[in-house]
Each structure stands twice: as C-alpha cells, then as structure tokens.
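Chemist: Sharing coords16.cif, mmCIF, C-alpha atoms:
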data_data
loop_
_atom_site.label_atom_id
_atom_site.label_comp_id
_atom_site.auth_asym_id
_atom_site.auth_seq_id
_atom_site.Cartn_x
_atom_site.Cartn_y
_atom_site.Cartn_z
CA MET O 46 0.79 0.46 -20.22
CA ASN O 47 3.99 1.84 -18.86
CA ASP O 48 3.03 5.41 -18.05
CA PRO O 49 2.04 6.49 -14.55
CA THR O 50 -1.69 5.98 -14.08
CA PRO O 51 -4.12 8.87 -13.33
CA ALA O 52 -7.16 9.21 -10.89
CA VAL O 53 -10.10 11.42 -10.34
CA THR O 54 -11.54 11.21 -6.85
CA GLY O 55 -10.36 10.06 -3.44
CA THR O 56 -6.69 9.19 -3.27
CA PRO O 57 -5.53 10.11 -6.76
CA THR O 58 -4.12 7.48 -9.06
CA VAL O 59 -4.63 9.72 -12.11
CA ALA O 60 -3.21 13.19 -11.86
CA PRO O 61 -4.87 16.02 -13.82
CA LEU O 62 -1.94 16.29 -16.21
CA THR O 63 -1.81 18.49 -19.31
CA ASN O 64 -1.92 15.59 -21.77
CA VAL O 65 -4.81 13.95 -19.93
CA SER O 66 -6.93 17.06 -20.45
CA LEU O 67 -5.82 17.59 -24.06
CA THR O 68 -6.66 14.01 -25.03
CA LEU O 69 -10.03 13.83 -23.32
CA GLN O 70 -11.11 17.16 -24.78
CA ALA O 71 -10.07 16.13 -28.31
CA VAL O 72 -12.00 12.86 -28.13
CA GLU O 73 -15.06 14.61 -26.74
CA ARG O 74 -14.90 17.15 -29.59
CA ALA O 75 -14.76 14.26 -32.07
CA GLN O 76 -17.81 12.70 -30.47
CA ARG O 77 -19.72 16.01 -30.76
CA ARG O 78 -18.48 16.84 -34.27
CA SER O 79 -20.83 18.11 -36.95
CA HIS O 80 -22.22 15.72 -39.54
CA GLY O 81 -19.80 15.03 -42.36
CA LEU O 82 -16.63 15.81 -40.41
CA PRO O 83 -13.98 13.07 -39.94
CA GLY O 84 -13.75 11.31 -36.59
CA ILE O 85 -10.16 10.14 -36.12
CA VAL O 86 -7.99 11.81 -33.46
CA VAL O 87 -4.21 11.25 -33.40
CA LEU O 88 -2.20 11.69 -30.18
CA HIS O 89 1.53 11.66 -30.86
CA GLY O 90 4.68 12.37 -28.87
CA PRO O 91 7.81 10.92 -27.27
CA SER O 92 7.79 7.87 -25.04
CA GLY O 93 7.21 8.59 -21.38
CA TRP O 94 5.22 11.79 -21.90
CA GLY O 95 2.03 10.29 -20.47
CA LYS O 96 0.16 9.34 -23.65
CA SER O 97 -0.99 5.96 -22.38
CA THR O 98 -2.05 7.53 -19.10
CA ALA O 99 -4.11 10.04 -21.06
CA ALA O 100 -5.59 7.20 -23.10
CA ALA O 101 -6.51 5.16 -20.02
CA TYR O 102 -8.25 8.13 -18.43
CA THR O 103 -10.04 9.02 -21.65
CA ALA O 104 -11.16 5.41 -22.08
CA ALA O 105 -12.61 5.40 -18.56
CA GLN O 106 -14.40 8.72 -19.04
CA THR O 107 -15.85 7.91 -22.47
CA ARG O 108 -16.32 4.13 -22.01
CA ALA O 109 -14.08 3.62 -25.02
CA TYR O 110 -12.80 0.23 -26.12
CA TYR O 111 -9.03 0.23 -25.56
CA VAL O 112 -6.38 -1.94 -27.19
CA ALA O 113 -2.59 -1.52 -27.15
CA MET O 114 -0.99 -2.98 -30.27
CA GLN O 115 1.95 -5.31 -29.60
CA SER O 116 5.02 -5.66 -31.79
CA VAL O 117 4.45 -9.38 -32.46
CA TRP O 118 0.81 -9.02 -33.44
CA THR O 119 -0.45 -9.61 -36.94
CA ARG O 120 -3.53 -7.83 -38.29
CA ARG O 121 -5.59 -10.80 -37.21
CA ALA O 122 -4.14 -10.78 -33.69
CA PHE O 123 -5.06 -7.09 -33.44
CA LEU O 124 -8.66 -7.72 -34.50
CA GLU O 125 -8.91 -10.66 -32.09
CA ALA O 126 -7.73 -8.40 -29.25
CA VAL O 127 -10.33 -5.76 -30.13
CA ALA O 128 -13.03 -8.43 -30.27
CA ARG O 129 -12.06 -9.72 -26.83
CA GLU O 130 -12.11 -6.17 -25.45
CA MET O 131 -15.67 -5.91 -26.74
CA GLY O 132 -16.69 -9.27 -25.30
CA LEU O 133 -17.10 -10.80 -28.75
CA ALA O 134 -15.98 -14.23 -29.91
CA SER O 135 -12.56 -13.80 -31.52
CA ILE O 136 -13.13 -16.38 -34.26
CA GLY O 137 -13.75 -16.29 -37.98
CA THR O 138 -11.93 -14.73 -40.89
CA ILE O 139 -10.30 -11.30 -40.76
CA ALA O 140 -13.24 -9.91 -42.70
CA THR O 141 -15.72 -11.50 -40.29
CA LEU O 142 -13.91 -10.13 -37.24
CA ALA O 143 -13.71 -6.65 -38.74
CA GLY O 144 -17.42 -6.76 -39.54
CA GLN O 145 -18.36 -7.83 -36.01
CA ILE O 146 -16.18 -5.12 -34.49
CA ALA O 147 -17.65 -2.46 -36.76
CA GLU O 148 -21.17 -3.57 -35.86
CA GLN O 149 -20.38 -3.36 -32.14
CA LEU O 150 -18.92 0.13 -32.52
CA VAL O 151 -22.09 1.29 -34.28
CA LEU O 152 -24.44 -0.35 -31.79
CA SER O 153 -22.55 0.88 -28.71
CA GLY O 154 -21.65 4.35 -29.97
CA ARG O 155 -18.43 4.02 -27.98
CA PRO O 156 -15.01 5.24 -29.21
CA LEU O 157 -12.16 2.90 -30.09
CA ILE O 158 -8.67 3.71 -28.76
CA ILE O 159 -5.67 2.09 -30.45
CA ASP O 160 -2.43 2.57 -28.52
CA GLU O 161 0.94 1.92 -30.19
CA ALA O 162 -0.82 2.62 -33.49
CA ASP O 163 2.61 3.07 -35.15
CA VAL O 164 3.02 -0.69 -35.03
CA LEU O 165 -0.32 -1.35 -36.70
CA ALA O 166 0.27 1.33 -39.34
CA GLU O 167 3.57 -0.34 -40.27
CA ARG O 168 1.94 -3.74 -40.83
CA ASP O 169 0.96 -4.62 -44.39
CA GLY O 170 -2.69 -3.65 -44.58
CA GLY O 171 -2.71 -2.26 -41.04
CA ALA O 172 -3.62 1.26 -42.07
CA GLY O 173 -6.30 -0.21 -44.30
CA ILE O 174 -7.90 -1.99 -41.36
CA ILE O 175 -8.07 1.27 -39.38
CA LYS O 176 -9.57 3.03 -42.39
CA ASP O 177 -12.10 0.23 -42.94
CA LEU O 178 -13.21 0.27 -39.29
CA TYR O 179 -13.70 4.01 -39.47
CA GLU O 180 -15.50 3.94 -42.82
CA SER O 181 -17.79 1.15 -41.59
CA THR O 182 -18.82 3.04 -38.47
CA LEU O 183 -18.07 6.76 -38.89
CA GLY O 184 -17.44 6.63 -35.15
CA THR O 185 -14.65 8.12 -33.05
CA ILE O 186 -11.22 6.48 -33.16
CA LEU O 187 -8.19 7.66 -31.17
CA LEU O 188 -4.78 6.60 -32.50
CA ILE O 189 -1.79 6.94 -30.18
CA GLY O 190 1.86 6.70 -31.13
CA GLU O 191 5.33 8.18 -31.09
CA GLU O 192 6.47 11.46 -32.65
CA LYS O 193 6.63 10.11 -36.20
CA LEU O 194 3.10 8.69 -36.27
CA PRO O 195 1.72 11.67 -38.27
CA GLN O 196 4.42 11.23 -40.90
CA LYS O 197 3.71 7.50 -41.10
CA LEU O 198 0.01 8.18 -41.63
CA THR O 199 0.66 10.67 -44.42
CA ARG O 200 1.69 7.71 -46.59
CA TYR O 201 -1.93 6.54 -46.45
CA GLU O 202 -3.99 9.41 -47.82
CA ARG O 203 -7.28 7.56 -47.47
CA LEU O 204 -6.60 7.28 -43.73
CA HIS O 205 -4.75 10.56 -43.26
CA GLY O 206 -7.70 12.43 -44.76
CA ARG O 207 -10.04 11.07 -42.07
CA VAL O 208 -8.16 12.77 -39.23
CA LEU O 209 -10.14 15.46 -37.43
CA GLU O 210 -7.44 16.54 -34.99
CA TRP O 211 -3.72 16.05 -34.44
CA VAL O 212 -2.86 16.30 -30.74
CA GLY O 213 0.82 16.77 -29.99
CA ALA O 214 1.65 15.53 -26.49
CA GLN O 215 3.17 18.29 -24.37
CA PRO O 216 6.29 17.93 -22.20
CA ALA O 217 5.60 17.69 -18.49
CA SER O 218 5.40 21.05 -16.75
CA VAL O 219 6.07 22.12 -13.17
CA ALA O 220 2.29 22.10 -12.66
CA ASP O 221 2.23 18.48 -13.86
CA ALA O 222 5.06 17.61 -11.48
CA MET O 223 3.18 19.25 -8.63
CA ALA O 224 0.09 17.18 -9.44
CA LEU O 225 2.22 14.02 -9.49
CA THR O 226 3.51 14.67 -5.96
CA ARG O 227 0.08 13.77 -4.59
CA ILE O 228 0.48 10.29 -6.04
CA TYR O 229 4.18 9.54 -5.78
CA CYS O 230 5.26 11.69 -2.84
CA PRO O 231 2.25 12.00 -0.50
CA GLY O 232 2.78 13.68 2.83
CA VAL O 233 5.95 15.47 1.72
CA LYS O 234 6.03 19.09 0.56
CA VAL O 235 8.31 19.29 -2.46
CA ALA O 236 9.56 22.83 -3.06
CA ASP O 237 9.16 24.54 -6.42
CA ASP O 238 12.91 24.75 -7.02
CA LEU O 239 13.30 20.98 -6.70
CA LEU O 240 10.25 20.39 -8.91
CA ARG O 241 11.71 22.69 -11.55
CA GLU O 242 14.98 20.77 -11.46
CA LEU O 243 13.18 17.43 -11.78
CA VAL O 244 11.20 18.73 -14.75
CA LYS O 245 14.34 20.08 -16.39
CA ARG O 246 16.28 16.85 -15.94
CA ALA O 247 13.32 14.70 -17.05
CA LYS O 248 13.22 16.44 -20.46
CA GLY O 249 9.45 16.30 -20.66
CA SER O 250 8.99 12.74 -19.40
CA VAL O 251 6.17 12.18 -16.92
CA ARG O 252 7.59 8.74 -16.20
CA ARG O 253 10.99 10.08 -15.14
CA ILE O 254 9.39 12.70 -12.90
CA ALA O 255 7.34 9.96 -11.26
CA VAL O 256 10.48 7.86 -10.67
CA ASN O 257 12.25 10.82 -9.08
CA LEU O 258 9.31 11.75 -6.87
CA ASP O 259 9.17 8.19 -5.60
CA ARG O 260 12.88 8.46 -4.77
CA VAL O 261 12.19 11.72 -2.94
CA ARG O 262 9.44 9.97 -0.97
CA GLN O 263 11.76 7.12 0.02
CA GLU O 264 14.57 9.48 1.03
CA ALA O 265 12.17 11.71 2.98
CA SER O 266 10.86 8.68 4.85
CA SER O 267 14.41 7.55 5.62
CA MET O 268 15.58 11.01 6.74
CA GLY O 269 12.40 12.05 8.54
CA TRP O 270 11.72 14.98 6.21
CA ASP O 271 8.24 16.44 5.81
CA GLN O 272 9.46 18.92 3.20
CA VAL O 273 12.40 19.04 0.83
CA ASP O 274 13.89 21.65 -1.48
CA LEU O 275 16.76 21.59 -3.94
CA ALA O 276 19.34 22.59 -1.35
CA LEU O 277 18.27 19.82 1.02
CA TRP O 278 18.30 17.29 -1.81
CA GLY O 279 21.87 18.37 -2.45
CA GLU O 280 24.07 16.04 -4.47
CA ARG O 281 21.67 13.11 -4.38
CA ALA O 282 21.09 11.53 -7.77
CA ILE O 283 18.27 12.58 -10.07
CA TYR O 284 17.12 9.96 -12.54
CA THR O 285 17.38 11.11 -16.17
CA GLY O 286 16.98 7.81 -17.99
CA GLU O 287 20.56 7.90 -19.16
CA PRO O 288 22.65 4.75 -18.57
CA PRO O 289 25.59 5.12 -16.18
CA ALA O 290 28.81 6.33 -17.74
CA ARG O 291 31.27 3.61 -18.66
CA ARG O 292 34.10 3.31 -16.18
CA VAL O 293 37.54 4.00 -17.57
CA ALA O 294 40.21 1.75 -16.13
#
Could I get this structure in the form of structure tokens?

Modeler:
Amino acid sequence: MNDPTPAVTGTPTVAPLTNVSLTLQAVERAQRRSHGLPGIVVLHGPSGWGKSTAAAYTAAQTRAYYVAMQSVWTRRAFLEAVAREMGLASIGTIATLAGQIAEQLVLSGRPLIIDEADVLAERDGGAGIIKDLYESTLGTILLIGEEKLPQKLTRYERLHGRVLEWVGAQPASVADAMALTRIYCPGVKVADDLLRELVKRAKGSVRRIAVNLDRVRQEASSMGWDQVDLALWGERAIYTGEPPARRVA
C-alpha cells in the first residue's frame, strides 16, 4: 500500500484522518445491518487520498481479511491471494478455492477487504467472483478503488444491487494535515497558514501532504526551527506531484 499508514495509540503511525473514520464507520454499519439488507461497501476516490490507509486501519479494527488486487493477477491469482491471507491452502480449482474462501468467511464472521477492486472488476468474470463470494456468505465486503469504480460496477447489476453504501473519499482537510504533523513532522509546530497552503497545493492528496511535512521536518532540523509558518518557509519548494517543467534552450 502506498498511502501513509495510520496509528491509534502511543507514537501515532495512523492519523485520525477523515477517510479513516468514514471507512471504519461504514464497515461497522454493514456488520450491524438489519437482516435482508446488502452487505457490500464501496470506497472510491482519487489516488493518494488515503483510501488504502483507511482500509488498513479498518482491517486492523475489524480483523478483516485484506487483499490488494495486482494488475497482473488473474481471477485465480486473486483467489489464491485471499486463501493465503486466510491461512488456507491455495490449491484446487477456481471453484474449490472460492468455496473454501466462502466457508472461511462464514465461519470467521470477518469482513473481506478488496483493494484495487477496479482491476478485479475489469477482469472477465471478476465481478462475478465478488458477487459469488458475497452471495455464498452474505457477509461484509469492502471494495476500494478509484473515482470510476461506481460506474464500472453499474455494468454488473447483480453486483451493483448488493451495495449497501457508497463512500466517496474526501479530500484532505487542514484538520487532516494537522493530524499528519504528529507523524511526519514531530517536534515542530507547523502554523495554520502553512498547513492551509500545503492542503491547497496537494489538491486533496494525503500522500502529497505527508511528503511536504517530511520536507518541513528535514528543513526544520537543518535550520534549527522548532516552529515554522508560511512566511518562514518562504520560496522553498512545495511538492505538488507535478513533474518539473521542461527546460527551453
């Protein structure tokens, strides 16, 4: 996972970010849902907005099985990865693997989190596998993907109709940036005006804010600062994710 990682106690490694709370609450609602209601939750939003961080935290809090789909994986490779996550033997036919996974989900009562679900949904039969796992267990499944994941799922009505809640990831706020300072810029007071500028330039990305706060930490250490505001930061670069402009000869 590429997103900054959250923490709960002691020295934080997981900040209490907006999307962390939204995701955990949605999964917990799915687990407590009334009989007959669907149990799939979809978290969608741009890259870098902290979705995988939210998933990791939610997995830890709910003891969910967590698998991140990879671009080179087939349906079988996906099922083998889920089986390994569950401590099961990743052998047998696709149908056998799916059956074993479904049985483990029922017996454990634990949620299943599928990150990069866009990739699986785009595979031939990938949406069908998700639908089959849900239908076989009626458990809680969290699907995570980019902004267009909801539109991709609408092509599969038998899966789309099993969604209980669509959770749109929110852009990072100044409050999120402030929480991230405890992880990436400890011991340095970062003023609100600089945090606002970092949030503005990051365009919602938790990852870019984290990169910039780490740069602030390094510069503060080098310059002997214990606090820094926008004026003190001055003309120093702020990372936006954009490649450097091409030099014109």

Chemist: From the list O:Leu187, O:Met223, O:Ile283, O:Val244, which residue is nearest Asp160 of chain O when using all atoms listed in the file?

Modeler: O:Leu187

Chemist: Name the residues that the PyMOL selection byres ((chain O and resi 192-208) around 10) picks from the file above, as a ChimeraX atom specification, using the file's chain letters and numbers.

Modeler: /O:75,82-92,161-164,166-167,172-177,179-180,183,186-191,209-214

Chemist: Determine, counting only C-alpha atoms, every residue of protein, DNA or RNA that lies within 10 Å of (5.4, 12.5, 0.7) in the file coordinates, then give the result as a PyMOL selection string.

Modeler: chain O and resi 226-235+258-259+261-266+270-273

Chemist: Between atom CA of Leu67 of chain O and atom CA of Gln106 of chain O, what is the distance, to one decimal in Å?

Modeler: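 We find that atom CA of Leu67 of chain O and atom CA of Gln106 of chain O lie 13.3 Å from each other.
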
Chemist: So how many Å separate atom CA of Glu287 of chain O and atom CA of Ile159 of chain O, to one decimal?

Modeler: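 Result for atom CA of Glu287 of chain O versus atom CA of Ile159 of chain O: 29.1 Å, one decimal.
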
Chemist: Just how far from atom CA of Gly154 of chain O is atom CA of Arg121 of chain O, in Å to one decimal?

Modeler: 23.2 Å

Chemist: Since the input has fewer atoms than a full residue there, write segment 90-119 of chain O out with N, CA and C atoms, as a short mmCIF file (atom, residue, chain, number, x, y, z; two decimals), in the frame of the given file.

Modeler:
data_model
loop_
_atom_site.label_atom_id
_atom_site.label_comp_id
_atom_site.auth_asym_id
_atom_site.auth_seq_id
_atom_site.Cartn_x
_atom_site.Cartn_y
_atom_site.Cartn_z
N GLY O 90 3.65 11.75 -29.68
CA GLY O 90 4.68 12.37 -28.87
C GLY O 90 5.68 11.35 -28.37
N PRO O 91 6.76 11.82 -27.74
CA PRO O 91 7.81 10.92 -27.27
C PRO O 91 7.34 9.95 -26.20
N SER O 92 8.06 8.85 -26.09
CA SER O 92 7.79 7.87 -25.04
C SER O 92 7.97 8.49 -23.67
N GLY O 93 7.09 8.13 -22.75
CA GLY O 93 7.21 8.59 -21.38
C GLY O 93 6.50 9.89 -21.09
N TRP O 94 5.86 10.50 -22.09
CA TRP O 94 5.22 11.79 -21.90
C TRP O 94 3.78 11.66 -21.41
N GLY O 95 3.35 10.46 -21.08
CA GLY O 95 2.03 10.29 -20.47
C GLY O 95 0.90 10.04 -21.44
N LYS O 96 1.21 9.58 -22.66
CA LYS O 96 0.16 9.34 -23.65
C LYS O 96 -0.76 8.19 -23.24
N SER O 97 -0.17 7.10 -22.76
CA SER O 97 -0.99 5.96 -22.38
C SER O 97 -1.82 6.26 -21.14
N THR O 98 -1.28 7.08 -20.24
CA THR O 98 -2.05 7.53 -19.10
C THR O 98 -3.26 8.33 -19.56
N ALA O 99 -3.02 9.24 -20.51
CA ALA O 99 -4.11 10.04 -21.06
C ALA O 99 -5.14 9.15 -21.73
N ALA O 100 -4.68 8.12 -22.43
CA ALA O 100 -5.59 7.20 -23.10
C ALA O 100 -6.43 6.42 -22.10
N ALA O 101 -5.79 5.94 -21.03
CA ALA O 101 -6.51 5.16 -20.02
C ALA O 101 -7.60 6.00 -19.37
N TYR O 102 -7.27 7.25 -19.05
CA TYR O 102 -8.25 8.13 -18.43
C TYR O 102 -9.39 8.44 -19.39
N THR O 103 -9.03 8.72 -20.64
CA THR O 103 -10.04 9.02 -21.65
C THR O 103 -10.95 7.82 -21.88
N ALA O 104 -10.36 6.63 -21.90
CA ALA O 104 -11.16 5.41 -22.08
C ALA O 104 -12.16 5.25 -20.94
N ALA O 105 -11.71 5.53 -19.71
CA ALA O 105 -12.61 5.40 -18.56
C ALA O 105 -13.73 6.43 -18.61
N GLN O 106 -13.41 7.65 -19.02
CA GLN O 106 -14.40 8.72 -19.04
C GLN O 106 -15.40 8.58 -20.18
N THR O 107 -14.98 8.01 -21.31
CA THR O 107 -15.85 7.91 -22.47
C THR O 107 -16.36 6.50 -22.72
N ARG O 108 -15.95 5.54 -21.86
CA ARG O 108 -16.32 4.13 -22.01
C ARG O 108 -15.80 3.57 -23.33
N ALA O 109 -14.65 4.05 -23.74
CA ALA O 109 -14.08 3.62 -25.02
C ALA O 109 -13.53 2.20 -24.90
N TYR O 110 -13.52 1.51 -26.02
CA TYR O 110 -12.80 0.23 -26.12
C TYR O 110 -11.32 0.58 -26.31
N TYR O 111 -10.45 -0.10 -25.56
CA TYR O 111 -9.03 0.23 -25.56
C TYR O 111 -8.19 -1.00 -25.87
N VAL O 112 -7.31 -0.87 -26.85
CA VAL O 112 -6.38 -1.94 -27.19
C VAL O 112 -5.01 -1.34 -27.46
N ALA O 113 -3.97 -1.93 -26.88
CA ALA O 113 -2.59 -1.52 -27.15
C ALA O 113 -1.95 -2.54 -28.09
N MET O 114 -1.61 -2.10 -29.27
CA MET O 114 -0.99 -2.98 -30.27
C MET O 114 0.36 -3.48 -29.76
N GLN O 115 0.66 -4.74 -30.00
CA GLN O 115 1.95 -5.31 -29.60
C GLN O 115 2.80 -5.62 -30.83
N SER O 116 4.11 -5.56 -30.65
CA SER O 116 5.02 -5.66 -31.79
C SER O 116 4.91 -7.00 -32.52
N VAL O 117 4.52 -8.07 -31.81
CA VAL O 117 4.45 -9.38 -32.46
C VAL O 117 3.10 -9.66 -33.09
N TRP O 118 2.15 -8.76 -32.93
CA TRP O 118 0.81 -9.02 -33.44
C TRP O 118 0.72 -8.86 -34.95
N THR O 119 -0.04 -9.77 -35.56
CA THR O 119 -0.45 -9.61 -36.94
C THR O 119 -1.74 -8.80 -36.97
#
